[in-house]
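Q: Next comes the structure file start00.csv, holding CSV, C-alpha atoms and all ligand atoms.
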```csv
chain,number,residue,atom,x,y,z
A,1,MET,CA,103.3,48.4,37.1
A,2,ARG,CA,101.2,47.3,34.1
A,3,PHE,CA,104.0,45.0,33.0
A,4,LEU,CA,104.3,43.7,36.5
A,5,ALA,CA,100.6,42.9,36.8
A,6,ALA,CA,100.8,40.8,33.6
A,7,LEU,CA,104.0,39.1,34.7
A,8,VAL,CA,102.3,38.2,38.1
A,9,ALA,CA,99.3,36.9,36.2
A,10,THR,CA,101.4,34.7,33.9
A,11,GLY,CA,103.5,33.5,36.9
A,12,LEU,CA,100.3,32.5,38.7
A,13,LEU,CA,99.2,30.4,35.7
A,14,TRP,CA,102.5,28.5,35.8
A,15,ALA,CA,102.1,28.0,39.5
A,16,VAL,CA,98.5,26.8,39.3
A,17,ALA,CA,99.4,24.2,36.7
A,18,TRP,CA,102.6,23.2,38.4
A,19,LEU,CA,100.8,22.7,41.8
A,20,GLY,CA,97.6,21.3,40.5
A,21,ALA,CA,98.9,18.7,38.0
A,22,GLY,CA,102.3,18.2,39.6
A,23,ALA,CA,102.1,18.4,43.4
A,24,LEU,CA,98.4,17.6,43.8
A,25,GLY,CA,98.1,15.2,40.9
A,26,TRP,CA,94.8,16.5,39.6
A,27,ASN,CA,95.6,15.1,36.2
A,28,TRP,CA,92.0,14.6,35.0
A,29,LEU,CA,91.1,18.2,35.8
A,30,PHE,CA,94.1,19.5,33.8
A,31,ALA,CA,94.0,16.9,31.0
A,32,VAL,CA,90.3,16.7,30.4
A,33,ALA,CA,88.0,19.1,32.2
A,34,ILE,CA,89.9,22.3,31.6
A,35,PRO,CA,90.7,21.6,27.9
A,36,TYR,CA,87.0,20.9,27.2
A,37,LEU,CA,85.9,24.0,29.1
A,38,ALA,CA,88.5,26.1,27.2
A,39,LEU,CA,87.3,24.7,23.9
A,40,VAL,CA,83.7,25.6,24.7
A,41,LEU,CA,84.7,29.1,25.7
A,42,PHE,CA,86.8,29.5,22.6
A,43,VAL,CA,84.2,28.3,20.1
A,44,GLY,CA,81.3,29.9,21.9
A,45,GLY,CA,83.2,33.2,22.3
A,46,ILE,CA,84.2,33.4,18.7
A,47,VAL,CA,80.7,32.6,17.5
A,48,LEU,CA,79.3,35.3,19.7
A,49,ARG,CA,81.9,37.8,18.5
A,50,VAL,CA,81.2,36.9,14.8
A,51,ILE,CA,77.5,37.3,15.3
A,52,GLY,CA,78.1,40.6,17.0
A,53,TRP,CA,80.2,41.9,14.1
A,54,GLY,CA,77.8,40.4,11.6
A,55,ARG,CA,74.9,42.3,13.1
A,56,SER,CA,76.8,45.6,13.2
A,57,PRO,CA,75.3,47.8,10.5
A,58,VAL,CA,77.6,48.6,7.6
A,59,PRO,CA,75.2,50.4,5.3
A,60,PHE,CA,77.8,52.1,3.1
A,61,ARG,CA,81.1,51.3,1.5
A,62,ILE,CA,84.0,52.6,3.5
A,63,PRO,CA,86.7,53.5,1.0
A,64,THR,CA,89.7,54.1,3.3
A,65,VAL,CA,92.1,53.6,0.5
A,66,CYS,CA,95.5,54.9,-0.6
A,67,GLY,CA,95.1,54.3,-4.4
A,68,GLN,CA,93.2,55.9,-7.2
A,69,GLN,CA,89.7,54.4,-7.4
A,70,LYS,CA,87.9,53.4,-10.6
A,71,SER,CA,86.9,56.5,-12.4
A,72,LEU,CA,87.1,57.6,-16.0
A,73,ASP,CA,88.7,55.0,-18.3
A,74,TRP,CA,91.8,57.1,-19.1
A,75,ILE,CA,92.7,57.6,-15.4
A,76,PRO,CA,95.0,54.7,-14.3
A,77,ARG,CA,93.5,53.1,-11.2
A,78,ASP,CA,94.9,50.9,-8.4
A,79,PRO,CA,92.9,47.6,-8.2
A,80,LEU,CA,94.6,46.4,-5.0
A,81,ASP,CA,94.5,49.6,-3.0
A,82,SER,CA,91.0,50.6,-4.2
A,83,PRO,CA,89.4,47.4,-5.4
A,84,PHE,CA,86.3,47.7,-7.5
A,85,THR,CA,85.3,44.1,-8.1
A,86,ALA,CA,84.9,41.2,-5.7
A,87,THR,CA,88.0,39.5,-7.1
A,88,GLU,CA,90.1,42.6,-6.5
A,89,THR,CA,88.7,42.8,-3.0
A,90,VAL,CA,89.7,39.2,-2.3
A,91,GLY,CA,93.2,40.1,-3.6
A,92,ARG,CA,93.5,42.9,-1.1
A,93,MET,CA,92.3,40.7,1.7
A,94,ALA,CA,94.7,37.9,0.8
A,95,LEU,CA,97.6,40.3,0.8
A,96,GLU,CA,96.5,41.6,4.1
A,97,VAL,CA,96.1,38.2,5.7
A,98,LEU,CA,99.1,36.5,4.2
A,99,ALA,CA,101.6,39.4,4.0
A,100,PHE,CA,100.3,42.0,6.5
A,101,ARG,CA,100.3,44.6,3.7
A,102,SER,CA,99.0,47.6,5.7
A,103,LEU,CA,101.6,46.9,8.5
A,104,PHE,CA,104.3,46.8,5.8
A,105,ARG,CA,103.3,50.2,4.6
A,106,GLY,CA,103.1,51.6,8.2
A,107,SER,CA,105.2,54.4,9.3
A,108,ARG,CA,106.2,56.0,12.6
A,109,ALA,CA,106.8,59.5,13.7
A,110,ARG,CA,109.6,60.7,16.0
A,111,LEU,CA,111.2,63.9,17.1
A,112,THR,CA,114.9,64.2,16.5
A,113,PRO,CA,117.1,65.8,19.3
A,114,GLU,CA,116.9,69.0,17.3
A,115,LYS,CA,113.1,68.8,17.6
A,116,ARG,CA,112.5,68.0,14.0
A,117,LEU,CA,109.5,65.7,13.2
A,118,VAL,CA,110.6,62.7,11.1
A,119,ILE,CA,108.2,60.3,9.6
A,120,GLU,CA,109.9,57.1,8.6
A,121,SER,CA,109.0,53.6,7.5
A,122,ASP,CA,108.9,50.9,10.2
A,123,LYS,CA,109.7,47.6,8.7
A,124,TRP,CA,111.0,46.0,11.9
A,125,LEU,CA,107.5,45.7,13.4
A,126,TRP,CA,106.3,44.1,10.2
A,127,ALA,CA,109.2,41.7,10.1
A,128,GLY,CA,108.7,40.7,13.8
A,129,ALA,CA,104.9,40.2,13.3
A,130,ILE,CA,105.3,38.2,10.1
A,131,ALA,CA,108.0,36.0,11.6
A,132,PHE,CA,105.8,35.3,14.6
A,133,HIS,CA,102.6,34.6,12.7
A,134,TRP,CA,104.1,32.3,10.0
A,135,SER,CA,106.1,30.4,12.6
A,136,LEU,CA,103.0,30.0,14.7
A,137,LEU,CA,101.1,28.6,11.7
A,138,VAL,CA,103.9,26.0,11.0
A,139,VAL,CA,104.2,25.0,14.7
A,140,LEU,CA,100.4,24.5,14.9
A,141,LEU,CA,100.3,22.5,11.7
A,142,ARG,CA,103.1,20.3,13.0
A,143,HIS,CA,101.1,19.8,16.2
A,144,LEU,CA,98.5,18.1,14.0
A,145,ARG,CA,100.6,15.0,14.5
A,146,TYR,CA,99.1,14.6,18.0
A,147,VAL,CA,95.5,14.5,16.9
A,148,THR,CA,95.7,12.6,13.7
A,149,GLU,CA,96.3,8.9,12.9
A,150,PRO,CA,97.7,8.3,10.3
A,151,VAL,CA,99.6,11.6,10.4
A,152,PRO,CA,99.0,13.6,7.2
A,153,ALA,CA,101.9,13.7,4.7
A,154,LEU,CA,101.9,17.5,5.0
A,155,VAL,CA,103.0,17.3,8.6
A,156,GLY,CA,105.9,15.1,7.7
A,157,TRP,CA,107.0,17.5,4.9
A,158,LEU,CA,106.8,20.4,7.2
A,159,GLU,CA,108.9,18.7,9.9
A,160,ALA,CA,111.5,17.8,7.3
A,161,ILE,CA,111.8,21.3,6.0
A,162,ASP,CA,111.6,22.9,9.4
A,163,GLY,CA,114.3,20.5,10.7
A,164,PHE,CA,116.4,21.0,7.6
A,165,PHE,CA,119.6,22.0,9.4
A,166,GLN,CA,119.5,18.7,11.5
A,167,VAL,CA,121.3,20.4,14.3
A,168,ALA,CA,121.3,18.8,17.8
A,169,SER,CA,119.1,15.9,19.0
A,170,PRO,CA,116.2,16.0,18.9
A,171,THR,CA,116.5,18.0,15.6
A,172,LEU,CA,116.2,21.7,16.1
A,173,PHE,CA,113.2,23.2,14.4
A,174,VAL,CA,113.9,26.6,12.7
A,175,THR,CA,110.4,27.8,13.6
A,176,ASP,CA,111.1,27.3,17.3
A,177,VAL,CA,114.0,29.7,17.1
A,178,VAL,CA,112.2,32.2,14.9
A,179,ILE,CA,109.0,32.2,17.0
A,180,ALA,CA,110.8,32.7,20.3
A,181,GLY,CA,113.1,35.4,18.7
A,182,ALA,CA,110.1,37.2,17.2
A,183,LEU,CA,108.1,37.2,20.5
A,184,LEU,CA,111.2,38.4,22.4
A,185,TYR,CA,111.6,41.2,19.9
A,186,LEU,CA,107.9,42.2,20.1
A,187,LEU,CA,108.1,42.3,23.9
A,188,GLY,CA,111.5,44.1,23.8
A,189,ARG,CA,110.3,46.9,21.6
A,190,ARG,CA,107.6,47.7,24.1
A,191,VAL,CA,110.1,47.6,27.0
A,192,VAL,CA,112.8,49.7,25.2
A,193,ASP,CA,110.7,52.4,23.5
A,194,PRO,CA,109.3,54.8,26.2
A,195,ARG,CA,106.3,55.8,24.0
A,196,LEU,CA,105.3,52.2,23.4
A,197,ARG,CA,105.7,51.5,27.1
A,198,TYR,CA,103.4,54.4,27.9
A,199,ILE,CA,100.6,53.1,25.7
A,200,SER,CA,101.0,49.4,26.6
A,201,LEU,CA,98.2,48.0,28.7
A,202,PRO,CA,98.3,44.9,31.0
A,203,THR,CA,96.5,43.0,28.3
A,204,ASP,CA,99.2,43.9,25.7
A,205,TRP,CA,101.9,42.6,28.0
A,206,PHE,CA,99.8,39.6,29.0
A,207,ALA,CA,99.3,38.5,25.4
A,208,LEU,CA,103.0,38.5,24.7
A,209,LEU,CA,104.0,36.9,28.0
A,210,LEU,CA,101.4,34.1,27.6
A,211,LEU,CA,102.5,33.3,24.1
A,212,LEU,CA,106.1,33.4,25.2
A,213,SER,CA,105.2,31.0,28.1
A,214,ILE,CA,103.5,28.6,25.7
A,215,VAL,CA,106.4,28.6,23.3
A,216,GLY,CA,108.9,28.4,26.2
A,217,SER,CA,107.2,25.5,27.8
A,218,GLY,CA,106.9,23.7,24.4
A,219,ILE,CA,110.6,24.3,23.7
A,220,SER,CA,111.4,23.0,27.2
A,221,LEU,CA,109.3,19.9,26.5
A,222,ARG,CA,111.0,19.1,23.3
A,223,TYR,CA,114.6,19.8,24.1
A,224,PHE,CA,115.1,19.7,27.8
A,225,THR,CA,112.4,18.2,30.2
A,226,LYS,CA,111.0,15.7,27.6
A,227,THR,CA,107.7,13.9,27.9
A,228,ASP,CA,106.2,10.6,26.8
A,229,LEU,CA,105.0,11.5,23.3
A,230,VAL,CA,103.0,8.2,22.9
A,231,ALA,CA,101.1,9.0,26.1
A,232,VAL,CA,100.5,12.6,24.9
A,233,LYS,CA,99.2,11.3,21.6
A,234,GLN,CA,96.9,8.9,23.4
A,235,LEU,CA,95.5,11.8,25.5
A,236,ALA,CA,95.2,14.1,22.5
A,237,LEU,CA,93.4,11.5,20.4
A,238,GLY,CA,91.1,10.7,23.3
A,239,LEU,CA,90.2,14.3,23.7
A,240,ALA,CA,89.6,14.8,20.0
A,241,THR,CA,87.4,11.7,19.7
A,242,PHE,CA,85.5,12.5,22.9
A,243,HIS,CA,86.7,9.3,24.6
A,244,PRO,CA,89.2,11.0,27.0
A,245,VAL,CA,91.8,8.9,28.8
A,246,VAL,CA,94.7,10.1,31.0
A,247,PRO,CA,97.7,7.8,30.5
A,248,ASP,CA,100.5,7.7,33.0
A,249,GLY,CA,104.0,9.0,32.1
A,250,ILE,CA,103.0,12.6,31.2
A,251,GLY,CA,105.3,15.0,33.0
A,252,THR,CA,104.3,18.1,34.8
A,253,MET,CA,105.8,20.4,32.1
A,254,PHE,CA,103.3,19.0,29.6
A,255,PHE,CA,100.4,20.0,31.9
A,256,VAL,CA,101.8,23.5,32.2
A,257,HIS,CA,102.1,23.7,28.4
A,258,LEU,CA,98.5,22.5,28.0
A,259,PHE,CA,97.1,24.7,30.8
A,260,LEU,CA,98.7,27.8,29.2
A,261,VAL,CA,97.3,26.8,25.8
A,262,CYS,CA,93.8,26.4,27.5
A,263,THR,CA,94.1,29.8,29.1
A,264,LEU,CA,94.9,31.3,25.7
A,265,LEU,CA,92.0,29.5,24.1
A,266,ALA,CA,89.5,30.7,26.8
A,267,TRP,CA,90.8,34.3,26.7
A,268,PHE,CA,91.2,34.6,23.0
A,269,PRO,CA,87.7,35.6,21.9
A,270,PHE,CA,87.6,38.4,24.5
A,271,SER,CA,91.1,39.7,23.9
A,272,LYS,CA,92.7,41.8,21.1
A,273,LEU,CA,94.0,38.6,19.6
A,274,VAL,CA,90.6,38.0,18.2
A,275,HIS,CA,91.7,40.2,15.3
A,276,MET,CA,92.6,36.8,13.7
A,277,ALA,CA,88.9,36.3,13.0
A,278,GLY,CA,87.9,40.0,12.9
A,279,ILE,CA,90.1,40.9,9.9
A,280,PHE,CA,87.7,39.0,7.6
A,281,LEU,CA,84.7,41.1,8.8
A,282,SER,CA,86.6,44.4,8.6
A,283,PRO,CA,84.5,46.7,6.4
A,284,THR,CA,87.5,48.8,5.4
A,285,ARG,CA,89.1,45.6,4.0
A,286,ASN,CA,86.2,43.5,2.7
A,287,LEU,CA,84.1,46.0,0.7
A,288,ALA,CA,84.8,47.0,-2.8
A,289,ASN,CA,85.0,50.7,-3.4
A,290,ASN,CA,82.2,51.1,-5.9
A,291,ASN,CA,80.5,54.2,-4.5
A,292,ARG,CA,80.7,56.1,-7.7
A,293,ALA,CA,79.1,53.3,-9.8
A,294,ARG,CA,76.4,52.1,-7.4
A,295,ARG,CA,74.2,54.0,-5.1
A,296,HIS,CA,74.2,52.4,-1.6
A,297,VAL,CA,71.0,53.3,0.2
A,298,ASN,CA,71.0,53.0,4.0
A,299,PRO,CA,68.4,50.2,4.4
A,300,TRP,CA,67.0,51.4,7.7
A,301,ASN,CA,66.5,55.0,6.7
A,302,PRO,CA,62.9,56.0,7.3
A,303,ASP,CA,60.8,56.6,4.2
A,304,VAL,CA,61.2,60.3,3.4
A,305,GLU,CA,58.2,62.0,1.9
A,306,VAL,CA,59.6,63.8,-1.2
A,307,HIS,CA,58.2,66.7,-3.1
A,308,THR,CA,59.5,66.4,-6.7
A,309,TYR,CA,60.2,69.2,-9.1
A,310,GLU,CA,57.2,68.1,-11.2
A,311,GLN,CA,54.9,68.3,-8.2
A,312,TRP,CA,56.3,71.7,-7.3
A,313,GLU,CA,55.8,73.0,-10.8
A,314,ASP,CA,52.2,71.7,-10.9
A,315,GLU,CA,51.5,73.6,-7.7
A,316,PHE,CA,52.9,76.9,-8.8
A,317,ARG,CA,52.5,76.7,-12.6
A,318,ASP,CA,50.0,79.5,-12.9
A,319,LYS,CA,52.2,81.9,-10.8
A,320,LEU,CA,55.4,80.9,-12.7
A,321,ILE,CA,53.7,81.6,-16.1
A,322,ALA,CA,52.3,84.8,-14.8
A,323,ALA,CA,55.7,85.9,-13.7
A,324,GLY,CA,57.2,85.0,-17.1
A,325,ILE,CA,59.4,82.2,-15.7
A,326,ASP,CA,60.0,79.2,-18.0
A,327,VAL,CA,58.2,76.0,-17.1
A,328,GLU,CA,58.8,72.4,-18.3
A,329,ARG,CA,55.1,71.7,-19.0
A,330,GLU,CA,52.6,74.4,-20.0
A,331,GLY,CA,49.7,72.7,-18.2
B,1,LIG,C1,98.5,27.7,20.8
B,1,LIG,C2,98.8,26.4,20.8
B,1,LIG,C3,100.2,25.9,20.9
B,1,LIG,C4,101.4,26.4,20.7
B,1,LIG,C5,101.7,27.9,20.2
B,1,LIG,C6,102.5,25.5,21.0
B,1,LIG,C7,103.8,25.7,20.8
B,1,LIG,C8,104.8,24.7,21.0
B,1,LIG,C9,106.2,24.8,20.6
B,1,LIG,C10,106.8,26.1,20.1
B,1,LIG,C11,106.8,23.7,20.9
B,1,LIG,C12,108.3,23.4,20.7
B,1,LIG,C13,108.5,22.2,19.8
B,1,LIG,C14,107.8,22.3,18.5
B,1,LIG,O1,107.8,23.3,17.8
B,1,LIG,O2,107.1,21.3,18.1
B,1,LIG,C15,105.8,22.8,21.4
B,1,LIG,C16,106.0,21.5,21.8
B,1,LIG,C17,105.1,20.6,22.3
B,1,LIG,N1,103.7,20.8,22.3
B,1,LIG,FE1,102.8,22.5,21.9
B,1,LIG,N2,101.9,24.3,21.4
B,1,LIG,C18,100.5,24.5,21.4
B,1,LIG,C19,99.5,23.6,21.7
B,1,LIG,C20,99.8,22.3,22.2
B,1,LIG,C21,98.7,21.4,22.5
B,1,LIG,C22,97.2,21.6,22.5
B,1,LIG,C23,99.3,20.2,22.8
B,1,LIG,C24,98.7,18.9,23.2
B,1,LIG,C25,98.8,17.9,22.5
B,1,LIG,C26,100.8,20.4,22.7
B,1,LIG,C27,101.8,19.5,22.9
B,1,LIG,C28,103.1,19.7,22.8
B,1,LIG,C29,104.1,18.7,23.0
B,1,LIG,C30,103.9,17.2,23.5
B,1,LIG,C31,105.3,19.2,22.7
B,1,LIG,C32,106.7,18.6,22.7
B,1,LIG,C33,107.0,18.1,21.3
B,1,LIG,C34,108.3,17.3,21.2
B,1,LIG,O3,108.8,16.8,22.2
B,1,LIG,O4,108.7,17.1,20.0
B,1,LIG,N3,101.0,21.7,22.3
B,1,LIG,N4,104.6,23.4,21.5
```
Here is the file; what I need is its structure written in the form of structure tokens.
Ligand code: HEM

A:
Amino acid sequence: MRFLAALVATGLLWAVAWLGAGALGWNWLFAVAIPYLALVLFVGGIVLRVIGWGRSPVPFRIPTVCGQQKSLDWIPRDPLDSPFTATETVGRMALEVLAFRSLFRGSRARLTPEKRLVIESDKWLWAGAIAFHWSLLVVLLRHLRYVTEPVPALVGWLEAIDGFFQVASPTLFVTDVVIAGALLYLLGRRVVDPRLRYISLPTDWFALLLLLSIVGSGISLRYFTKTDLVAVKQLALGLATFHPVVPDGIGTMFFVHLFLVCTLLAWFPFSKLVHMAGIFLSPTRNLANNNRARRHVNPWNPDVEVHTYEQWEDEFRDKLIAAGIDVEREG
């Protein structure tokens, strides 16, 4: 049912764009108004989320680490798993963001038919996730060609490497195959594994279906339905420079692609996908584990009135001496 709800929602998005931009011809709405609205929601939403995270109190270091922390000099320590300095912390964060290190180390538990609990490493999820995210980055960088004039050299190089095999016409991009394959795998594992199916919420399904729809419509645009790329660039440059124009010759499939992207942008800050920004503010990743070297005092603790040993001894000195108990100062 939850999968079905997400499937219906995604189907409705396709239908809205197809009807609105195709049958009804509301091109200005789909090419200008909705993209700007989506952008405002995206930027505003991310800013609000970051402010919210930034204001969340993190008074102490949270050393959720797997490696030996800095201790006595002769005890070997693990600078990446338990970073002590800012540079080591940046190293841990970089590996997390670029290589999904904690996902790589992830394991899964299962019961064998003989009811034995087995904990094993799960590299397939890591492989699917890394394939998807890196391909997405390359696809998005290649898309820079639509909003830049002249097109940066980097985009040309990426296209050359990505189209290295020079199969078919237009040249097949490897990242198109990889991103579609990775998304299908990530969706398939939730469908096939009953435990994953059980914990999957409509929003989990929707995120994957929406991304698959964007990639699917993009692939269709490039290899099958085609669109006037000069007109698309005119539109994209117009939007980017705040002088929007809606040229003729843009097919309905492009509006579907753009509308799905706009939906993703508008929904992004309020969905689990916002982990893209959240990872950088994650206290278990971005704080050095220096609790043993530095005392971190909770800044909003109320002032506690303390009664020191010296004060206590002053108060009871006579009695302590009379009882024959050693004191630090005689009087
Ligand atoms: C989350 C954002 C987006 C994703 C994931 C995405 C994904 C894709 C993919 C996978 C393709 C297949 C061909 C290729 O890899 O280049 C594609 C094609 C295309 N996309 Fe996007 N896209 C996004 C945003 C946009 C936006 C904002 C535009 C508006 C300019 C756009 C315009 C196009 C066009 C015109 C094509 C056809 C390219 C061709 O014929 O060579 N896309 N997209």

Q: Looking at all atoms listed in the file, which of A:Phe206, A:Arg49, A:Ser169, A:Ser271 is the one that sits closest to A:Leu13?

A: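 Once distances to A:Leu13 are computed over all atoms listed in the file, the minimum belongs to A:Phe206.
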
Q: What does the distance from atom CA of A:Thr284 to atom CA of A:Leu208 come to in Å, to one decimal?

A: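 Spanning atom CA of A:Thr284 to atom CA of A:Leu208 is a straight-line distance of 26.8 Å.
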
Q: Show me, as a ChimeraX atom specification, the residues that have an atom within 10 Å of stretch 4-9 of chain A when counting all atoms listed in the file, minus same-chain residues fewer than 2 positions from it.

A: /A:1-2,11-15,201-210

Q: Counting all atoms listed in the file, figure out which residue out of A:Val47, A:Leu158, A:Leu235, A:Val245 gets nearest to ligand LIG 1 (chain B).

A: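 For ligand LIG 1 (chain B), the nearest of the given residues is A:Leu235.
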
Q: Using only C-alpha atoms and all ligand atoms, determine which residues fall within 6 Å of ligand LIG 1 (chain B), then list them as an MDAnalysis selection string.

A: chainID A and resid 139 146 176 214:215 218:219 221:222 226 229 232 236 258 261

Q: Go ahead and compute the interatomic distance for atom CA of A:Asp122 and atom CA of A:Pro83, in Å to one decimal.

A: 25.2 Å

Q: What residues have an atom no more than 10 Å from (91.5, 53.7, -6.7) in the file's own frame, counting all atoms listed in the file, and can you write them as a list in words?

A: Pro63, Val65, Cys66, Gly67, Gln68, Gln69, Lys70, Ser71, Ile75, Pro76, Arg77, Asp78, Pro79, Leu80, Asp81, Ser82, Pro83, Phe84, Asn289 and Asn290 of chain A

Q: How many Å lie between atom CA of A:Leu273 and atom CA of A:Ala127, rounded to one decimal?

A: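 Between atom CA of A:Leu273 and atom CA of A:Ala127 the gap is 18.2 Å.
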
Q: Nearest to A:Thr227 among A:His257, A:Arg108, A:His296, A:Arg195, with distances taken over all atoms listed in the file: which residue is it?

A: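 Closest to A:Thr227, using all atoms listed in the file: A:His257.
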
Q: Find the spatial neighbours of stretch 95-104 of chain A, counting all atoms listed in the file, within a cut-off of 9 Å - ignore same-chain residues fewer than 5 positions away - and output them as an MDAnalysis selection string.

A: chainID A and resid 80 90 121:123 125:127 129:130 134 276 279:280 285

Q: For A:Gly249, which residue out of A:Leu187, A:Asn27, A:Phe3, A:Arg292 is the nearest one, using only C-alpha atoms?

A: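 For A:Gly249, the nearest of the candidates is A:Asn27.
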
Q: For A:Ile179, which residue among A:Ala131, A:Ala94, A:Val306, A:Val40 is the nearest when counting only C-alpha atoms?

A: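 Once distances to A:Ile179 are computed over only C-alpha atoms, the minimum belongs to A:Ala131.
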
Q: Would you kindly identify which residues have an atom no farther than 12 Å from (101.7, 26.5, 40.2), using only C-alpha atoms and the file's own coordinates, and write them out as a PyMOL selection string?

A: chain A and resi 8-25+252-253+255-256+259-260

Q: Using only C-alpha atoms, which protein or nucleic acid residues come within 10 Å of stretch 140-142 of chain A? Drop anything in the same chain fewer than 3 positions from it, and give the result as a list in words.

A: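 Near neighbours after the sequence-gap exclusion: Trp134, Ser135, Leu136, Leu137, Arg145, Tyr146, Val151, Pro152, Leu154, Val155, Gly156, Trp157, Leu158, Glu159 and Asp162 of chain A.
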
Q: Can you write just those residues out, C-alpha atoms, as an mmCIF file, in the frame of the given file?

A:
```
data_model
loop_
_atom_site.group_PDB
_atom_site.id
_atom_site.type_symbol
_atom_site.label_atom_id
_atom_site.label_comp_id
_atom_site.auth_asym_id
_atom_site.auth_seq_id
_atom_site.Cartn_x
_atom_site.Cartn_y
_atom_site.Cartn_z
ATOM 1 C CA TRP A 134 104.100 32.300 10.000
ATOM 2 C CA SER A 135 106.100 30.400 12.600
ATOM 3 C CA LEU A 136 103.000 30.000 14.700
ATOM 4 C CA LEU A 137 101.100 28.600 11.700
ATOM 5 C CA ARG A 145 100.600 15.000 14.500
ATOM 6 C CA TYR A 146 99.100 14.600 18.000
ATOM 7 C CA VAL A 151 99.600 11.600 10.400
ATOM 8 C CA PRO A 152 99.000 13.600 7.200
ATOM 9 C CA LEU A 154 101.900 17.500 5.000
ATOM 10 C CA VAL A 155 103.000 17.300 8.600
ATOM 11 C CA GLY A 156 105.900 15.100 7.700
ATOM 12 C CA TRP A 157 107.000 17.500 4.900
ATOM 13 C CA LEU A 158 106.800 20.400 7.200
ATOM 14 C CA GLU A 159 108.900 18.700 9.900
ATOM 15 C CA ASP A 162 111.600 22.900 9.400
#
```

Q: Go through A:Lys115, A:Ser213, A:Arg317, A:Pro59 one by one, measure the shortest atom-to-atom distance of each to A:Ala180 using all atoms listed in the file, and give the residue with the smallest value.

A: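 Distance minimum relative to A:Ala180 lands on A:Ser213.
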